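Undergrad: Before I ask anything, here is the structure I am working with.
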Amino acid sequence: MSGGHVLDATDVVAGYVPDLPILHGVSVHVDAGEIVSIIGPNGAGKSTFIKAVAGLVTVSQGEIRLDGNSILGVPAHKLAAGGVGFVPQTGNIFTTLTIHENLVMGGASLPKAQAMRRIGEICEIYPILKDRAREKAGVLSGGQRQILAVARALLTEPRLVLLDEPTAGLSPMAATELFGVVRGLAKNGAAVLMVEQNAKAALRVSDRGYVLAEGQNRIGGPAQELLDDEEIGEIFLGVRREALFPTPEESA
Amino acid sequence: MFLQHFADGILSGAIVSLGAIGLSFTMKILRFANFSHSELLTWGAYTALVFLSFASSFGGVFDQNIGPFTFGLPLLFSMVFACVATSAIALFLHKYVFERLSRMAGHMTMVFASFGVALILRHLVVLVWGSDPIYYSNELQFAVLLPGNVRVLPDQVFLLGVTIVTVVCLHLFMTRTRTGIAMRGVSESPDLARISGVNVGAIINWVWIIGASAAALGGVLYGMTVQLRPELGFSLILPLFAAAILGGAGSLYGAVIGGLVVGLSENLSVMIIPTTYKPAVPFLLILAILFFKPEGLFGERSK
């Protein structure tokens, strides 16, 4: 049962190569208007999970539901048309296309008139995209690229927004601005699932958080509780890294 | 003499440009060198012949030439027919050969498969139409004298005109339509296009249709100014690759400019080297561009 969640992923096993899963039974759910962060060390499977939800990685076991409907095996372009907006960590804009053309790409699944109307609305929210519409997207700064990438993903007014390391490589000011955008998305009713290396910053803007390690859920709960948990802080500072990577004896 | 070679270079470069457009896009989007692409020029030329024979049998207005050209309305219609027929062949090859191989094999396998497909396509032409040269028209045409003592046939002027119109139409398609923009997007990043809501499979079909249609036009125009023979496309394979590599994979403008550079360098080279060595010029161009600018003149690096 989805239990009314926008995204409800249960026991997801997935990976890039058959029979070599990176995720070993990850469960995550996100509700409308909620920001949920997935944090964890490098190689934990955070990005793989978000790509599996976006339809870019094959899921071999488990279930992923969007508004209660299974989306396993649904092609990525149909998910995008059906309400999933995904902003990848790298290569998230078309650098050889103009800014306007990037937005046109974002509205590919919409009827032309509706896409043009949405581009107009998005440009009102992010005026820089209107001012520099005819410029190649490759000339934008890191922060501006992220704004364009988010804007491209928002063209279809997605119910679920997936953000993979949205602040990677951004200045503190640009990161703060981007988190403001993320808050705005949730305020407008979207369910936001975010993968972040910058755990503290991500949890500060989130309602809930999940900690992944070695492709499995380790800890989960309200973001503030995770922030206040000294043990988690220590683990992410590297002092208690072994807590996320128990030895086989400890696991037993 | 220079101007005459220059004009000849532009004319042969126009054919190469049309052929290189599809090759360039398949290299970039499908990530393999399709050696069977040149055979689409041959099939374009020969399928036009089918419609030409059919239309000519009606006589009347279909028998009359247009102005100074050696052809009438049937050839214009046969160009459209050739584009449709060649696109159908390309889509068939994509669906039953290349798409299947791309799912289960590497790029090298696809390259070798394209060699096999090229051989099959070429020998099917021999099987259906024979190996003797065929002409669209047996009429003798006299060259027109242009300023600078340059002589060109009216059919060659038509060839250049069709090429220019085709390139302008393709430019408008690629920059003004959502499908064209999506083609450029898929060319840069298929995965990003997918998550943006683009049906990449449908766009790849468009790549084949546009590439095959341009090749068919090139084949008809080449056949019109020279003759039809089963090796028509095969003889152009090196210039096509030279143009696509020179211009940069995935670039419409690169393919066009690359084609013109190849045509010009081939024809201008005979002023300083024996004509026998003319076919080696595309080889030298490929080597030079791979050494000094591997991404090609217009191949854009993702930033």
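Scheme for the structure tokens: letters A, B, ... for chains in order shown; per-chain residue numbers from 1; ligand numbers from 1 in order shown.
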Please build the interface table for chain B against chain A with a cut-off of 8 Å, listing for each qualifying residue the nearest atom pair and the distance in Å to one decimal; count only C-alpha atoms, order rows by chain and increasing number, and write it as a tab-separated table.
TA:
```
residue	atom	partner	partner_atom	distance
B:Arg178	CA	A:Val104	CA	7.1
B:Ile181	CA	A:Glu101	CA	6.8
B:Ala182	CA	A:Met105	CA	6.3
B:Arg184	CA	A:Leu97	CA	7.6
B:Gly185	CA	A:Phe94	CA	6.4
B:Glu188	CA	A:Phe94	CA	6.8
B:Ser189	CA	A:Phe94	CA	7.3
B:Asp191	CA	A:Leu56	CA	7.7
B:Leu192	CA	A:Asn92	CA	6.6
B:Ala193	CA	A:Met105	CA	7.1
B:Arg194	CA	A:His77	CA	4.7
B:Ile195	CA	A:His77	CA	5.4
B:Ser196	CA	A:Gly106	CA	4.9
B:Gly197	CA	A:His77	CA	4.0
B:Val198	CA	A:His77	CA	5.5
B:Asn199	CA	A:His77	CA	5.8
B:Glu300	CA	A:Thr96	CA	7.0
B:Ser302	CA	A:Thr95	CA	6.0
B:Lys303	CA	A:Gly138	CA	5.8
```
Undergrad: Residues at most 7 Å from region 110-118 of chain B, counting only C-alpha atoms, excluding those fewer than 6 positions away in the same chain, as a list in words?
TA: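 My list of contacting residues is Phe32, Ala33, Asn34, Phe35, Ser36, Glu39, Phe98 and Leu101 of chain B.
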Undergrad: Once you have the residues from the selection above, write them out as a JSON list (two decimals), in the first residue's frame, restricted to C-alpha atoms.
TA:
```
[["chain", "number", "residue", "atom", "x", "y", "z"],
["B", 32, "PHE", "CA", 29.12, 4.09, -34.32],
["B", 33, "ALA", "CA", 30.65, 4.57, -37.76],
["B", 34, "ASN", "CA", 27.99, 3.35, -40.19],
["B", 35, "PHE", "CA", 29.81, 2.11, -43.28],
["B", 36, "SER", "CA", 26.51, 1.20, -44.91],
["B", 39, "GLU", "CA", 24.81, 2.65, -49.85],
["B", 98, "PHE", "CA", 21.51, -1.76, -35.54],
["B", 101, "LEU", "CA", 22.91, -5.07, -31.98]]
```
Undergrad: Could you give me, as a PyMOL selection string, the residues within 8 Å of region 19-30 of chain B, counting only C-alpha atoms and dropping anything in the same chain fewer than 4 positions from it?
TA: chain B and resi 15+34+37-38+41+186-188+190+204+207-208+210-212+214-215+218+240-241+243-245+248-252+255-256+259
Undergrad: To one decimal place in Å, what is the distance between CA of Asp19 (chain A) and CA of Ala44 (chain A)?
TA: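 These two atoms are separated by 17.7 Å.
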Undergrad: Quick one: residues within 12 Å of Leu160 (chain B), only C-alpha atoms, excluding same-chain residues fewer than 5 positions away - as a PyMOL selection string?
TA: chain B and resi 7-18+152-155+165-167+217-218+221-222+225+260
Undergrad: Output N, CA and C atoms for every residue in that selection, as a tab-separated table (two decimals), in the first residue's frame.
TA:
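result22.tsv written:
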```
chain	number	residue	atom	x	y	z
B	7	ALA	N	34.80	25.63	-58.90
B	7	ALA	CA	33.37	25.35	-59.17
B	7	ALA	C	33.10	23.85	-59.12
B	8	ASP	N	34.00	23.06	-59.73
B	8	ASP	CA	33.84	21.59	-59.68
B	8	ASP	C	33.88	21.10	-58.23
B	9	GLY	N	34.76	21.70	-57.45
B	9	GLY	CA	34.89	21.32	-56.04
B	9	GLY	C	33.63	21.60	-55.25
B	10	ILE	N	33.02	22.76	-55.51
B	10	ILE	CA	31.77	23.12	-54.82
B	10	ILE	C	30.68	22.12	-55.19
B	11	LEU	N	30.62	21.77	-56.49
B	11	LEU	CA	29.56	20.87	-56.95
B	11	LEU	C	29.73	19.46	-56.37
B	12	SER	N	30.95	18.94	-56.40
B	12	SER	CA	31.13	17.59	-55.84
B	12	SER	C	31.01	17.65	-54.31
B	13	GLY	N	31.42	18.78	-53.73
B	13	GLY	CA	31.30	18.95	-52.28
B	13	GLY	C	29.85	18.97	-51.83
B	14	ALA	N	28.97	19.50	-52.69
B	14	ALA	CA	27.54	19.55	-52.35
B	14	ALA	C	26.98	18.14	-52.17
B	15	ILE	N	27.37	17.24	-53.05
B	15	ILE	CA	26.92	15.83	-52.95
B	15	ILE	C	27.45	15.22	-51.66
B	16	VAL	N	28.75	15.44	-51.42
B	16	VAL	CA	29.37	14.87	-50.22
B	16	VAL	C	28.68	15.42	-48.96
B	17	SER	N	28.36	16.71	-48.99
B	17	SER	CA	27.69	17.32	-47.84
B	17	SER	C	26.37	16.62	-47.53
B	18	LEU	N	25.57	16.40	-48.57
B	18	LEU	CA	24.27	15.76	-48.36
B	18	LEU	C	24.44	14.36	-47.77
B	152	VAL	N	29.67	25.29	-66.43
B	152	VAL	CA	28.87	24.35	-65.62
B	152	VAL	C	27.64	23.93	-66.42
B	153	LEU	N	27.17	22.71	-66.15
B	153	LEU	CA	25.96	22.23	-66.79
B	153	LEU	C	24.75	22.77	-66.04
B	154	PRO	N	23.65	23.05	-66.73
B	154	PRO	CA	22.44	23.51	-66.01
B	154	PRO	C	22.03	22.52	-64.91
B	155	ASP	N	22.18	21.23	-65.16
B	155	ASP	CA	21.82	20.24	-64.13
B	155	ASP	C	22.67	20.41	-62.87
B	165	VAL	N	18.85	24.64	-50.76
B	165	VAL	CA	17.49	24.62	-50.20
B	165	VAL	C	17.38	23.57	-49.09
B	166	THR	N	17.98	22.38	-49.33
B	166	THR	CA	17.92	21.31	-48.33
B	166	THR	C	18.60	21.73	-47.03
B	167	VAL	N	19.77	22.33	-47.17
B	167	VAL	CA	20.52	22.72	-45.96
B	167	VAL	C	19.77	23.82	-45.20
B	217	LEU	N	18.70	12.21	-51.67
B	217	LEU	CA	18.81	13.40	-52.54
B	217	LEU	C	20.21	13.46	-53.16
B	218	GLY	N	21.21	13.23	-52.32
B	218	GLY	CA	22.59	13.23	-52.82
B	218	GLY	C	22.77	12.19	-53.91
B	221	LEU	N	20.98	13.34	-57.17
B	221	LEU	CA	21.71	14.45	-57.80
B	221	LEU	C	23.03	13.97	-58.41
B	222	TYR	N	23.69	13.05	-57.72
B	222	TYR	CA	24.95	12.50	-58.24
B	222	TYR	C	24.66	11.69	-59.50
B	225	THR	N	23.98	13.89	-62.58
B	225	THR	CA	25.10	14.57	-63.23
B	225	THR	C	26.17	13.59	-63.71
B	260	LEU	N	32.04	20.46	-48.35
B	260	LEU	CA	32.57	21.43	-49.30
B	260	LEU	C	34.10	21.46	-49.27
```
Undergrad: Looking only at strand (DSSP E) from DSSP on the backbone, list the matching residues of region 92-282 of chain B as a ChimeraX atom specification.
TA: /B:144-146,150-152
Undergrad: For the residues in that selection, give me C-alpha atoms as a PDB file, in the first residue's frame.
TA:
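Output (again.pdb):
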```
ATOM      1  CA  VAL B 144      26.884  27.245 -69.754  1.00  0.00           C
ATOM      2  CA  LEU B 145      29.751  29.713 -69.742  1.00  0.00           C
ATOM      3  CA  LEU B 146      29.892  31.757 -66.553  1.00  0.00           C
ATOM      4  CA  VAL B 150      33.826  28.723 -65.716  1.00  0.00           C
ATOM      5  CA  ARG B 151      31.682  26.111 -67.441  1.00  0.00           C
ATOM      6  CA  VAL B 152      28.871  24.345 -65.622  1.00  0.00           C
TER       7      VAL B 152
END
```
Undergrad: Please list as a PyMOL selection string every residue within 9 Å of Glu266 (chain B), counting only C-alpha atoms and excluding residues in the same chain fewer than 5 positions away.
TA: chain B and resi 9+261+278-282
Undergrad: If we count only C-alpha atoms and set the cut-off at 8 Å, which residues sit around region 206-209 of chain A, ignoring sequence neighbours fewer than 3 positions away in its own chain? Please answer as number ranges by chain.
TA: A: 34-39, 202-203, 220-224, 226
Undergrad: I need the residue nearest Met183 (chain B) from this list: B:Val50, B:Ile89, B:Met79, B:Ala202. Use only C-alpha atoms for the distance.
TA: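 Answer, going by the shortest atom-to-atom distance: B:Ala202.
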Undergrad: Report as a list in words all protein, DNA and RNA residues lying within 8 Å of Val30 (chain A), evaluated on only C-alpha atoms, omitting residues in the same chain fewer than 5 positions from it.
TA: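 Final neighbour list, sorted by chain and number: His5, Val6, Leu7, Asp8, Ile35, Val36, Ala191, Val192 and Leu193 of chain A.
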Undergrad: Find, counting only C-alpha atoms, the residue in A:Gln89, A:Glu177, A:Ile122, A:Lys187 that gets nearest to Leu162 (chain A).
TA: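 Looking at the shortest contact to Leu162 (chain A), the residue is A:Gln89.
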